[in-house]
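Asks: Following this line is data-v2.cif, made up of mmCIF, C-alpha atoms:
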data_coords
loop_
_atom_site.group_PDB
_atom_site.id
_atom_site.type_symbol
_atom_site.label_atom_id
_atom_site.label_comp_id
_atom_site.auth_asym_id
_atom_site.auth_seq_id
_atom_site.Cartn_x
_atom_site.Cartn_y
_atom_site.Cartn_z
ATOM 1 C CA MET N 21 13.511 27.337 -7.320
ATOM 2 C CA ASN N 22 12.998 23.610 -7.879
ATOM 3 C CA ASP N 23 11.983 20.736 -5.590
ATOM 4 C CA ARG N 24 15.595 19.779 -4.924
ATOM 5 C CA GLU N 25 16.421 23.237 -3.611
ATOM 6 C CA VAL N 26 13.341 23.279 -1.381
ATOM 7 C CA ILE N 27 14.259 19.887 0.075
ATOM 8 C CA ASP N 28 17.864 20.970 0.597
ATOM 9 C CA ARG N 29 16.695 24.055 2.440
ATOM 10 C CA LEU N 30 14.378 21.950 4.578
ATOM 11 C CA ARG N 31 17.267 19.668 5.456
ATOM 12 C CA ILE N 32 19.681 22.412 6.419
ATOM 13 C CA ALA N 33 17.054 24.230 8.465
ATOM 14 C CA GLU N 34 17.752 24.051 12.158
ATOM 15 C CA TRP N 35 14.924 22.147 13.741
ATOM 16 C CA PRO N 36 14.073 22.501 17.416
ATOM 17 C CA MET N 37 15.439 19.643 19.479
ATOM 18 C CA PRO N 38 13.424 17.800 22.126
ATOM 19 C CA SER N 39 14.260 19.136 25.551
ATOM 20 C CA PRO N 40 16.349 17.175 28.090
ATOM 21 C CA GLU N 41 13.251 17.165 30.303
ATOM 22 C CA LEU N 42 11.486 15.031 27.725
ATOM 23 C CA ARG N 43 14.313 12.492 27.900
ATOM 24 C CA ASN N 44 13.952 12.443 31.694
ATOM 25 C CA ARG N 45 10.184 12.042 31.447
ATOM 26 C CA VAL N 46 10.581 9.131 29.051
ATOM 27 C CA ALA N 47 13.265 7.530 31.197
ATOM 28 C CA ALA N 48 10.907 7.721 34.173
ATOM 29 C CA ILE N 49 8.167 5.752 32.435
ATOM 30 C CA ALA N 50 7.700 2.391 34.109
ATOM 31 C CA VAL N 51 8.046 -0.433 31.630
ATOM 32 C CA ARG N 52 5.410 -3.111 31.955
ATOM 33 C CA PRO N 53 6.954 -6.061 33.788
ATOM 34 C CA PRO N 54 7.584 -9.145 31.681
ATOM 35 C CA ALA N 55 4.480 -11.215 31.406
ATOM 36 C CA ILE N 56 5.515 -13.135 28.352
ATOM 37 C CA VAL N 57 4.127 -16.603 28.592
ATOM 38 C CA TRP N 58 5.922 -19.417 26.822
ATOM 39 C CA THR N 59 3.180 -19.591 24.198
ATOM 40 C CA ASP N 60 3.982 -16.014 23.114
ATOM 41 C CA ARG N 61 7.665 -16.830 22.799
ATOM 42 C CA VAL N 62 6.880 -19.962 20.838
ATOM 43 C CA TRP N 63 4.271 -18.324 18.611
ATOM 44 C CA TYR N 64 6.491 -15.399 17.639
ATOM 45 C CA SER N 65 9.575 -17.563 17.131
ATOM 46 C CA ARG N 66 10.673 -18.052 13.549
ATOM 47 C CA ALA N 67 12.060 -21.499 14.436
ATOM 48 C CA PHE N 68 8.634 -22.593 15.673
ATOM 49 C CA ARG N 69 6.868 -21.435 12.533
ATOM 50 C CA LEU N 70 9.405 -23.057 10.241
ATOM 51 C CA GLY N 71 9.256 -26.231 12.339
ATOM 52 C CA ALA N 72 5.453 -26.280 12.214
ATOM 53 C CA ALA N 73 5.530 -25.830 8.445
ATOM 54 C CA ALA N 74 8.068 -28.663 8.127
ATOM 55 C CA VAL N 75 5.958 -30.967 10.308
ATOM 56 C CA ALA N 76 2.857 -30.172 8.271
ATOM 57 C CA MET N 77 4.699 -30.899 5.034
ATOM 58 C CA ALA N 78 6.062 -34.162 6.474
ATOM 59 C CA ALA N 79 2.586 -35.207 7.627
ATOM 60 C CA ILE N 80 1.120 -34.506 4.190
ATOM 61 C CA THR N 81 3.954 -36.395 2.472
ATOM 62 C CA LEU N 82 3.637 -39.398 4.795
ATOM 63 C CA ASP N 83 -0.116 -39.387 4.343
ATOM 64 C CA VAL N 84 0.255 -39.497 0.562
ATOM 65 C CA TRP N 85 2.860 -42.288 0.728
ATOM 66 C CA GLY N 86 0.803 -44.176 3.292
ATOM 67 C CA ALA N 87 -2.264 -43.992 1.082
ATOM 68 C CA GLN N 88 -0.262 -45.400 -1.829
ATOM 69 C CA ALA N 89 1.303 -48.216 0.223
ATOM 70 C CA ALA N 90 -1.816 -49.340 2.116
ATOM 71 C CA VAL N 91 -3.415 -52.580 0.923
ATOM 72 C CA PRO N 92 -7.138 -52.092 0.468
ATOM 73 C CA ALA N 93 -9.386 -54.521 2.308
ATOM 74 C CA ASN N 94 -10.517 -57.333 0.029
ATOM 75 C CA PRO N 95 -14.312 -57.240 -0.111
ATOM 76 C CA ARG N 96 -14.342 -60.818 -1.383
ATOM 77 C CA THR N 97 -12.628 -62.040 1.816
ATOM 78 C CA ILE N 98 -15.138 -60.224 3.990
ATOM 79 C CA ALA N 99 -18.057 -61.566 1.947
ATOM 80 C CA ALA N 100 -16.647 -65.098 2.209
ATOM 81 C CA GLN N 101 -16.388 -64.829 6.012
ATOM 82 C CA VAL N 102 -19.963 -63.678 6.257
ATOM 83 C CA GLU N 103 -21.063 -66.472 3.966
ATOM 84 C CA THR N 104 -19.172 -69.116 5.972
ATOM 85 C CA LYS N 105 -20.689 -67.895 9.223
ATOM 86 C CA ALA N 106 -24.204 -67.926 7.748
ATOM 87 C CA ILE N 107 -23.770 -71.510 6.460
ATOM 88 C CA GLU N 108 -22.346 -72.647 9.800
ATOM 89 C CA ASP N 109 -25.335 -71.161 11.648
ATOM 90 C CA LEU N 110 -27.774 -72.742 9.207
ATOM 91 C CA VAL N 111 -26.196 -76.185 9.525
ATOM 92 C CA ARG N 112 -26.075 -75.889 13.310
ATOM 93 C CA SER N 113 -29.750 -74.870 13.435
ATOM 94 C CA ALA N 114 -30.547 -78.009 11.378
ATOM 95 C CA GLY N 115 -29.301 -80.069 14.347
ATOM 96 C CA MET N 116 -25.741 -80.926 13.284
ATOM 97 C CA PRO N 117 -22.964 -80.776 15.934
ATOM 98 C CA ASP N 118 -20.692 -77.723 16.047
ATOM 99 C CA ASP N 119 -17.565 -79.340 14.555
ATOM 100 C CA ALA N 120 -19.581 -80.851 11.657
ATOM 101 C CA ALA N 121 -21.276 -77.495 10.987
ATOM 102 C CA ARG N 122 -17.883 -75.747 10.967
ATOM 103 C CA SER N 123 -16.451 -78.329 8.599
ATOM 104 C CA ILE N 124 -19.374 -78.157 6.150
ATOM 105 C CA ALA N 125 -19.376 -74.352 6.159
ATOM 106 C CA GLY N 126 -15.605 -74.255 5.550
ATOM 107 C CA ARG N 127 -15.864 -76.688 2.718
ATOM 108 C CA GLN N 128 -18.733 -74.791 1.111
ATOM 109 C CA SER N 129 -16.802 -71.558 1.395
ATOM 110 C CA LEU N 130 -13.742 -73.163 -0.243
ATOM 111 C CA VAL N 131 -15.881 -74.324 -3.152
ATOM 112 C CA SER N 132 -17.454 -70.889 -3.675
ATOM 113 C CA ARG N 133 -14.047 -69.133 -3.755
ATOM 114 C CA ALA N 134 -12.289 -71.622 -6.003
ATOM 115 C CA THR N 135 -11.750 -71.147 -9.714
ATOM 116 C CA PRO N 136 -14.079 -73.148 -11.986
ATOM 117 C CA ILE N 137 -11.387 -75.838 -12.597
ATOM 118 C CA ASP N 138 -10.641 -76.162 -8.855
ATOM 119 C CA ARG N 139 -14.356 -76.292 -8.157
ATOM 120 C CA ALA N 140 -14.794 -79.189 -10.607
ATOM 121 C CA SER N 141 -12.011 -81.148 -8.966
ATOM 122 C CA LEU N 142 -13.324 -80.401 -5.504
ATOM 123 C CA ILE N 143 -16.823 -81.532 -6.456
ATOM 124 C CA ALA N 144 -15.419 -84.614 -8.135
ATOM 125 C CA GLY N 145 -13.363 -85.353 -5.015
ATOM 126 C CA ASP N 146 -16.467 -84.865 -2.966
ATOM 127 C CA ASP N 147 -18.275 -87.479 -5.030
ATOM 128 C CA GLN N 148 -15.437 -89.945 -4.534
ATOM 129 C CA MET L 9 16.258 7.702 7.705
ATOM 130 C CA PRO L 10 15.385 4.060 8.473
ATOM 131 C CA ARG L 11 18.123 1.560 7.725
ATOM 132 C CA ASP L 12 18.196 -2.236 7.854
ATOM 133 C CA GLY L 13 20.750 -2.305 10.665
ATOM 134 C CA GLU L 14 18.754 0.194 12.691
ATOM 135 C CA GLY L 15 15.614 -1.823 12.054
ATOM 136 C CA ARG L 16 17.322 -4.914 13.456
ATOM 137 C CA ARG L 17 18.481 -3.029 16.534
ATOM 138 C CA ASP L 18 15.002 -1.545 16.922
ATOM 139 C CA ARG L 19 13.451 -4.998 16.858
ATOM 140 C CA GLU L 20 15.961 -6.209 19.445
ATOM 141 C CA LEU L 21 15.076 -3.244 21.640
ATOM 142 C CA LEU L 22 11.375 -3.961 21.306
ATOM 143 C CA ARG L 23 12.037 -7.578 22.293
ATOM 144 C CA GLU L 24 13.990 -6.403 25.321
ATOM 145 C CA LEU L 25 11.219 -3.959 26.146
ATOM 146 C CA ALA L 26 8.692 -6.769 25.919
ATOM 147 C CA GLY L 27 10.923 -8.612 28.362
ATOM 148 C CA GLY L 28 10.712 -5.674 30.782
ATOM 149 C CA ARG L 29 14.201 -4.142 30.349
ATOM 150 C CA GLN L 30 13.833 -0.502 31.406
ATOM 151 C CA GLU L 31 17.024 0.667 29.663
ATOM 152 C CA ALA L 32 15.653 -0.424 26.291
ATOM 153 C CA LEU L 33 13.095 2.372 26.442
ATOM 154 C CA ALA L 34 15.767 5.045 26.862
ATOM 155 C CA GLU L 35 17.816 3.528 24.057
ATOM 156 C CA LEU L 36 14.797 3.441 21.759
ATOM 157 C CA TYR L 37 14.107 7.050 22.642
ATOM 158 C CA GLY L 38 17.707 7.940 21.769
ATOM 159 C CA LEU L 39 17.314 6.376 18.328
ATOM 160 C CA HIS L 40 13.965 7.911 17.436
ATOM 161 C CA ALA L 41 13.476 11.020 19.568
ATOM 162 C CA LEU L 42 14.581 13.539 16.952
ATOM 163 C CA SER L 43 12.542 12.023 14.126
ATOM 164 C CA LEU L 44 9.459 11.597 16.312
ATOM 165 C CA PHE L 45 9.787 15.093 17.721
ATOM 166 C CA ARG L 46 10.003 16.590 14.222
ATOM 167 C CA HIS L 47 6.934 14.603 13.227
ATOM 168 C CA ALA L 48 5.109 15.713 16.365
ATOM 169 C CA LEU L 49 6.092 19.318 15.766
ATOM 170 C CA ALA L 50 4.831 19.085 12.192
ATOM 171 C CA LEU L 51 1.459 17.998 13.546
ATOM 172 C CA ALA L 52 1.080 19.975 16.750
ATOM 173 C CA ARG L 53 3.400 22.929 16.002
ATOM 174 C CA ARG L 54 3.739 23.793 19.684
ATOM 175 C CA ARG L 55 6.791 22.443 21.458
ATOM 176 C CA THR L 56 4.909 21.446 24.605
ATOM 177 C CA ASP L 57 2.225 19.615 22.629
ATOM 178 C CA ALA L 58 4.886 17.924 20.490
ATOM 179 C CA GLU L 59 6.795 16.777 23.568
ATOM 180 C CA ASP L 60 3.587 15.464 25.101
ATOM 181 C CA LEU L 61 2.890 13.536 21.916
ATOM 182 C CA VAL L 62 6.339 11.933 21.929
ATOM 183 C CA HIS L 63 6.032 11.193 25.637
ATOM 184 C CA ASN L 64 2.671 9.520 25.089
ATOM 185 C CA VAL L 65 4.158 7.358 22.348
ATOM 186 C CA PHE L 66 6.701 5.994 24.803
ATOM 187 C CA VAL L 67 4.107 5.588 27.557
ATOM 188 C CA LYS L 68 2.103 3.467 25.141
ATOM 189 C CA ILE L 69 5.149 1.508 24.006
ATOM 190 C CA ALA L 70 6.133 0.805 27.621
ATOM 191 C CA SER L 71 2.704 -0.642 28.343
ATOM 192 C CA LEU L 72 2.397 -2.977 25.377
ATOM 193 C CA GLY L 73 4.486 -5.884 26.643
ATOM 194 C CA PRO L 74 4.325 -9.039 24.477
ATOM 195 C CA ASP L 75 2.437 -7.247 21.685
ATOM 196 C CA LEU L 76 5.758 -5.622 20.759
ATOM 197 C CA LEU L 77 7.123 -8.995 19.673
ATOM 198 C CA GLY L 78 5.019 -8.902 16.533
ATOM 199 C CA VAL L 79 6.276 -5.494 15.316
ATOM 200 C CA ARG L 80 8.160 -5.830 12.013
ATOM 201 C CA ALA L 81 8.979 -2.187 11.164
ATOM 202 C CA PRO L 82 9.591 -0.408 14.472
ATOM 203 C CA ALA L 83 10.289 3.088 13.070
ATOM 204 C CA SER L 84 7.088 3.090 11.051
ATOM 205 C CA TYR L 85 5.245 1.618 14.009
ATOM 206 C CA LEU L 86 6.368 4.476 16.281
ATOM 207 C CA HIS L 87 5.372 7.141 13.769
ATOM 208 C CA ARG L 88 2.015 5.483 13.161
ATOM 209 C CA MET L 89 1.427 5.427 16.897
ATOM 210 C CA LEU L 90 2.334 9.109 17.149
ATOM 211 C CA HIS L 91 -0.099 9.970 14.373
ATOM 212 C CA THR L 92 -2.862 7.936 16.028
ATOM 213 C CA ILE L 93 -2.273 9.563 19.408
ATOM 214 C CA TRP L 94 -2.398 12.984 17.759
ATOM 215 C CA ILE L 95 -5.683 12.175 16.030
ATOM 216 C CA ASP L 96 -7.138 10.837 19.284
ATOM 217 C CA GLY L 97 -6.011 13.988 21.068
ATOM 218 C CA LEU L 98 -7.607 16.170 18.424
ATOM 219 C CA ARG L 99 -10.876 14.347 18.754
ATOM 220 C CA ARG L 100 -10.833 14.558 22.517
ATOM 221 C CA SER L 101 -9.819 18.149 23.092
ATOM 222 C CA GLN L 102 -10.914 19.853 19.890
ATOM 223 C CA ALA L 103 -7.392 21.149 19.595
ATOM 224 C CA ALA L 104 -8.018 21.623 15.900
ATOM 225 C CA ASP L 105 -9.509 25.028 16.672
ATOM 226 C CA ARG L 106 -6.400 26.101 18.516
ATOM 227 C CA ILE L 107 -4.171 24.904 15.688
ATOM 228 C CA ALA L 108 -6.296 26.725 13.135
ATOM 229 C CA ALA L 109 -5.907 29.898 15.189
ATOM 230 C CA GLY L 110 -2.157 29.449 14.785
ATOM 231 C CA THR L 111 -0.960 30.938 18.041
ATOM 232 C CA SER L 112 2.822 31.224 18.204
ATOM 233 C CA PRO L 113 3.798 27.975 16.512
ATOM 234 C CA ASP L 114 7.158 26.660 17.765
ATOM 235 C CA ILE L 115 7.919 25.089 14.426
ATOM 236 C CA GLU L 116 9.378 28.473 13.506
ATOM 237 C CA GLU L 117 11.629 28.800 16.486
ATOM 238 C CA ALA L 118 15.391 29.312 16.435
ATOM 239 C CA PRO L 119 16.227 29.257 12.758
ATOM 240 C CA ALA L 120 19.937 29.315 11.983
ATOM 241 C CA HIS L 121 19.759 31.841 9.154
ATOM 242 C CA ASP L 122 17.339 33.651 6.864
ATOM 243 C CA ASP L 123 16.848 30.740 4.466
ATOM 244 C CA ALA L 124 15.993 28.454 7.310
ATOM 245 C CA MET L 125 13.594 31.018 8.724
ATOM 246 C CA ASP L 126 11.852 31.279 5.363
ATOM 247 C CA VAL L 127 11.544 27.557 4.887
ATOM 248 C CA THR L 128 10.289 26.833 8.396
ATOM 249 C CA ARG L 129 7.791 29.689 8.170
ATOM 250 C CA ALA L 130 6.598 28.443 4.810
ATOM 251 C CA LEU L 131 6.302 24.961 6.248
ATOM 252 C CA ALA L 132 4.356 26.231 9.246
ATOM 253 C CA ALA L 133 1.813 27.777 6.893
ATOM 254 C CA LEU L 134 0.933 24.381 5.406
ATOM 255 C CA PRO L 135 -1.917 22.197 6.677
ATOM 256 C CA PRO L 136 -0.758 19.600 9.235
ATOM 257 C CA GLU L 137 -1.135 16.585 6.951
ATOM 258 C CA GLN L 138 1.016 18.256 4.272
ATOM 259 C CA ARG L 139 3.667 19.265 6.823
ATOM 260 C CA GLU L 140 3.611 15.704 8.065
ATOM 261 C CA ALA L 141 4.153 14.304 4.555
ATOM 262 C CA VAL L 142 7.069 16.673 3.938
ATOM 263 C CA VAL L 143 8.763 15.917 7.252
ATOM 264 C CA LEU L 144 8.331 12.157 6.966
ATOM 265 C CA HIS L 145 9.441 11.921 3.329
ATOM 266 C CA ALA L 146 12.005 14.680 2.834
ATOM 267 C CA LEU L 147 13.583 14.624 6.285
ATOM 268 C CA ASP L 148 13.039 11.122 7.644
ATOM 269 C CA GLY L 149 13.194 9.256 4.336
ATOM 270 C CA PHE L 150 10.017 7.216 4.669
ATOM 271 C CA SER L 151 8.481 5.991 1.419
ATOM 272 C CA PHE L 152 4.991 7.123 0.452
ATOM 273 C CA ARG L 153 3.746 3.607 1.139
ATOM 274 C CA GLU L 154 5.129 3.808 4.687
ATOM 275 C CA ILE L 155 3.708 7.294 5.170
ATOM 276 C CA GLY L 156 0.351 6.039 3.950
ATOM 277 C CA GLN L 157 0.466 3.211 6.501
ATOM 278 C CA GLN L 158 1.512 5.586 9.274
ATOM 279 C CA THR L 159 -1.167 8.162 8.566
ATOM 280 C CA GLY L 160 -3.974 5.851 7.507
ATOM 281 C CA VAL L 161 -4.217 6.964 3.869
ATOM 282 C CA SER L 162 -3.265 5.418 0.538
ATOM 283 C CA LEU L 163 0.226 5.895 -0.837
ATOM 284 C CA PHE L 164 -1.277 8.031 -3.612
ATOM 285 C CA THR L 165 -2.825 10.381 -1.082
ATOM 286 C CA ALA L 166 0.465 10.566 0.817
ATOM 287 C CA ALA L 167 2.325 11.357 -2.422
ATOM 288 C CA ALA L 168 -0.284 13.935 -3.427
ATOM 289 C CA ARG L 169 -0.001 15.681 -0.071
ATOM 290 C CA TYR L 170 3.765 15.795 -0.444
ATOM 291 C CA ARG L 171 3.607 17.135 -4.010
ATOM 292 C CA LEU L 172 1.081 19.777 -3.044
ATOM 293 C CA ALA L 173 3.148 20.814 -0.055
ATOM 294 C CA LEU L 174 6.300 21.058 -2.134
ATOM 295 C CA ALA L 175 4.532 23.178 -4.722
ATOM 296 C CA LYS L 176 3.328 25.552 -2.006
ATOM 297 C CA LEU L 177 6.800 25.713 -0.481
ATOM 298 C CA ARG L 178 8.305 26.460 -3.903
ATOM 299 C CA MET L 179 5.876 29.313 -4.391
ATOM 300 C CA ALA L 180 6.383 30.638 -0.884
ATOM 301 C CA LEU L 181 10.167 30.549 -1.133
ATOM 302 C CA ALA L 182 10.533 31.844 -4.674
ATOM 303 C CA PRO L 183 10.309 35.586 -3.863
ATOM 304 C CA ALA L 184 12.701 35.197 -0.953
ATOM 305 C CA SER L 185 15.101 33.360 -3.210
ATOM 306 C CA ARG L 186 14.979 36.148 -5.794
ATOM 307 C CA ALA L 187 15.460 38.800 -3.132
ATOM 308 C CA THR L 188 18.522 37.108 -1.635
ATOM 309 C CA SER L 189 20.169 36.476 -5.012
#
Would you mind writing the file's structure down as structure tokens?

Replies:
Amino acid sequence: MNDREVIDRLRIAEWPMPSPELRNRVAAIAVRPPAIVWTDRVWYSRAFRLGAAAVAMAAITLDVWGAQAAVPANPRTIAAQVETKAIEDLVRSAGMPDDAARSIAGRQSLVSRATPIDRASLIAGDDQ
Amino acid sequence: MPRDGEGRRDRELLRELAGGRQEALAELYGLHALSLFRHALALARRRTDAEDLVHNVFVKIASLGPDLLGVRAPASYLHRMLHTIWIDGLRRSQAADRIAAGTSPDIEEAPAHDDAMDVTRALAALPPEQREAVVLHALDGFSFREIGQQTGVSLFTAAARYRLALAKLRMALAPASRATS
């Protein structure tokens, strides 16, 4: 006798059936009333999970693109503003009026940011 | 034997059950009663104990509510639950002693003919975990991986139990086979 024959004999054997009383007992079991909150429905929904994955992917993609497209702040501009403000304060503390202090500070800032050629012409213009 | 279509219907029924539809429980019972009862009988051997086991599975299922929504393989889930309830019962009531005593096991009842009587008697003589492996694999078509998940052992252990059981059945049935031929 081989395995196949044993299995065949197991399959043709007449197994006891569950009694009708068992069916009645099971049918009489009270099913727990629905207490499914919307978060359960959402969490177990395939659409929600796929949607969440898509949103995450979109956010990552946008973040990468945004990082590439963003113009970095120019540290030279910031430094120039600080410098202008410091000169303006210094000139004002020396007793000059506000508009004169602003003008001198602006001019000084323009000179410091200009290329060497521009600076030469500005200084020359200043002398004239 | 579990099929894809049945699995889909099972999942629908579990969803309906989670939604509180009473009729879903009876329908689920109709789909799985025979398989679960055979499994229960393989473990408990006595009809009354087996019926209690199956009943307790459905009591548990009826009380789970939204947790049922996460079940992916309902047939396996039901059998795993049955196995767990049986183990819990054993621990609680020390029924292992009674099973070891082997008083009038119903697994042998009402055979159709001599061959069937031989095979069911031979099966009844096996340890419960080997009977369980035979019933779940040979009769209900579960894979060893699924049986391992249901019974809390590795697939290798499940396969070994099945092989050992089949070898014992072959030996037990061989003389009867020679006598009848």

Asks: Return as a PyMOL selection string the residues belonging to chain N that are within 8 Å of chain L, counting all atoms listed in the file.

Replies: chain N and resi 21-23+26-27+29-38+42-43+45-47+49-56+60+64

Asks: Give the answer as one residue: which of N:Ala72, N:Ala125, N:Ala79, N:Val62 has the shortest atom-to-atom distance to Glu103 in chain N, using all atoms listed in the file?

Replies: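 With all atoms listed in the file as the atom set, the closest residue is N:Ala125.
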
Asks: How many Å lie between CA of Ala50 in chain L and CA of Leu22 in chain L, rounded to one decimal?

Replies: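 Going from CA of Ala50 in chain L over to CA of Leu22 in chain L covers 25.6 Å.
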
Asks: Choose the residue, out of L:Leu98, L:Asp57, L:Arg23, L:Gln138, that has the smallest atom-to-atom separation from Pro82 in chain L; count all atoms listed in the file.

Replies: L:Arg23

Asks: Please, what distance in Å, to one decimal, runs between CA of Ser39 in chain N and CA of His87 in chain L?

Replies: 19.0 Å

Asks: Within 10 Å of (-16.0, -67.7, 7.2), in the coordinates the file gives, what residues turn up when you count all atoms listed in the file, written out as a ChimeraX atom specification?

Replies: /N:97-108,122,125-126,128-130

Asks: Could you write those residues out with C-alpha atoms, as an mmCIF file, in the frame of the given file?

Replies:
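Dumped everything to part-v9.cif:
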data_model
loop_
_atom_site.group_PDB
_atom_site.id
_atom_site.type_symbol
_atom_site.label_atom_id
_atom_site.label_comp_id
_atom_site.auth_asym_id
_atom_site.auth_seq_id
_atom_site.Cartn_x
_atom_site.Cartn_y
_atom_site.Cartn_z
ATOM 1 C CA THR N 97 -12.628 -62.040 1.816
ATOM 2 C CA ILE N 98 -15.138 -60.224 3.990
ATOM 3 C CA ALA N 99 -18.057 -61.566 1.947
ATOM 4 C CA ALA N 100 -16.647 -65.098 2.209
ATOM 5 C CA GLN N 101 -16.388 -64.829 6.012
ATOM 6 C CA VAL N 102 -19.963 -63.678 6.257
ATOM 7 C CA GLU N 103 -21.063 -66.472 3.966
ATOM 8 C CA THR N 104 -19.172 -69.116 5.972
ATOM 9 C CA LYS N 105 -20.689 -67.895 9.223
ATOM 10 C CA ALA N 106 -24.204 -67.926 7.748
ATOM 11 C CA ILE N 107 -23.770 -71.510 6.460
ATOM 12 C CA GLU N 108 -22.346 -72.647 9.800
ATOM 13 C CA ARG N 122 -17.883 -75.747 10.967
ATOM 14 C CA ALA N 125 -19.376 -74.352 6.159
ATOM 15 C CA GLY N 126 -15.605 -74.255 5.550
ATOM 16 C CA GLN N 128 -18.733 -74.791 1.111
ATOM 17 C CA SER N 129 -16.802 -71.558 1.395
ATOM 18 C CA LEU N 130 -13.742 -73.163 -0.243
#

Asks: Mind giving me the axis-aligned box for range 79-83 of chain N with 6 Å on every side, centre plus edges in Å to one decimal, as JSON?

Replies:
{"center_x": 1.9, "center_y": -37.0, "center_z": 5.0, "size_x": 16.1, "size_y": 16.9, "size_z": 17.2}

Asks: Work out how far CA of Gln158 in chain L is from CA of Ala132 in chain L, in Å to one decimal.

Replies: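 Distance between the two atoms: 20.8 Å.
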
Asks: Select, counting only C-alpha atoms, all protein, DNA and RNA residues no farther than 10 Å from (3.3, 4.9, 6.8) in file coordinates, and express the selection as a list in words.

Replies: Ala83, Ser84, Tyr85, Leu86, His87, Arg88, His91, Ala141, Leu144, His145, Phe150, Ser151, Phe152, Arg153, Glu154, Ile155, Gly156, Gln157, Gln158, Thr159, Gly160, Val161, Ser162, Leu163 and Ala166 of chain L

Asks: Can you translate the PyMOL selection byres ((chain L and resi 18) around 9) into the concrete residues it hits in this file, as an MDAnalysis selection string?

Replies: chainID L and resid 13:17 19:23 36 39 81:83
